[in-house]
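Only one structure is covered here, and it is reproduced in the block below.
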Amino acid sequence: MDYIHDLIRQIRKLTTEEGELPRELIEKLEKTVEDYYDVERDAGGAYKQKEWKHPYTSF
């Protein structure tokens, strides 16, 4: 999952000529990356693959 950490780190470093990007935009980009790769952060802050749950297990 190092590539996800690297990608998030690069997103946080994005700037424009006027300065840093708005925090809301950075958070949306991070959420998009997490959704695309289907990952979540664990208690230690590391990314891990989300546990897949079969849609019919609730019956």
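Labels used: A, B, ... for chains in the order of the structure tokens, numbers from 1 for residues in each chain, and numbers from 1 for ligands as shown.
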Inset, instruction - Write out as a PyMOL selection string which residues come within 9 Å of region 28-45 of chain A when counting only C-alpha atoms, dropping same-chain ones fewer than 5 positions away. - result: chain A and resi 4+7-8+11-12+23+50-51
Inset, instruction - Enumerate, as a PyMOL selection string, the complete set of residues in chain A that a backbone-based DSSP assignment places in alpha helix (DSSP H). - result: chain A and resi 2-13+23-37
Atoms to include: C-alpha atoms. Write the selected residues as a tab-separated table (two decimals), in the first residue's frame.
```
chain	number	residue	atom	x	y	z
A	2	ASP	CA	3.05	2.28	-0.22
A	3	TYR	CA	1.87	3.61	-3.57
A	4	ILE	CA	-1.30	4.95	-1.93
A	5	HIS	CA	0.73	6.71	0.78
A	6	ASP	CA	2.94	8.21	-1.94
A	7	LEU	CA	-0.06	9.39	-3.95
A	8	ILE	CA	-1.70	11.00	-0.90
A	9	ARG	CA	1.62	12.66	-0.01
A	10	GLN	CA	1.82	14.11	-3.55
A	11	ILE	CA	-1.76	15.38	-3.34
A	12	ARG	CA	-0.97	17.16	-0.06
A	13	LYS	CA	2.01	18.88	-1.73
A	23	ARG	CA	-8.20	22.07	2.48
A	24	GLU	CA	-11.66	20.91	1.34
A	25	LEU	CA	-10.31	20.14	-2.14
A	26	ILE	CA	-7.37	18.19	-0.72
A	27	GLU	CA	-9.74	16.15	1.47
A	28	LYS	CA	-12.00	15.39	-1.51
A	29	LEU	CA	-9.01	14.27	-3.58
A	30	GLU	CA	-7.82	12.01	-0.74
A	31	LYS	CA	-11.32	10.51	-0.40
A	32	THR	CA	-11.45	9.92	-4.16
A	33	VAL	CA	-8.14	8.02	-4.04
A	34	GLU	CA	-9.35	5.93	-1.08
A	35	ASP	CA	-12.62	5.12	-2.87
A	36	TYR	CA	-10.87	4.31	-6.16
A	37	TYR	CA	-8.42	1.88	-4.54
```
Inset, instruction - Would you mind writing down, as a ChimeraX atom specification, each residue of chain A that DSSP on the backbone assigns to strand (DSSP E or B)? - result: /A:15-16,19-20,39-41,47-49
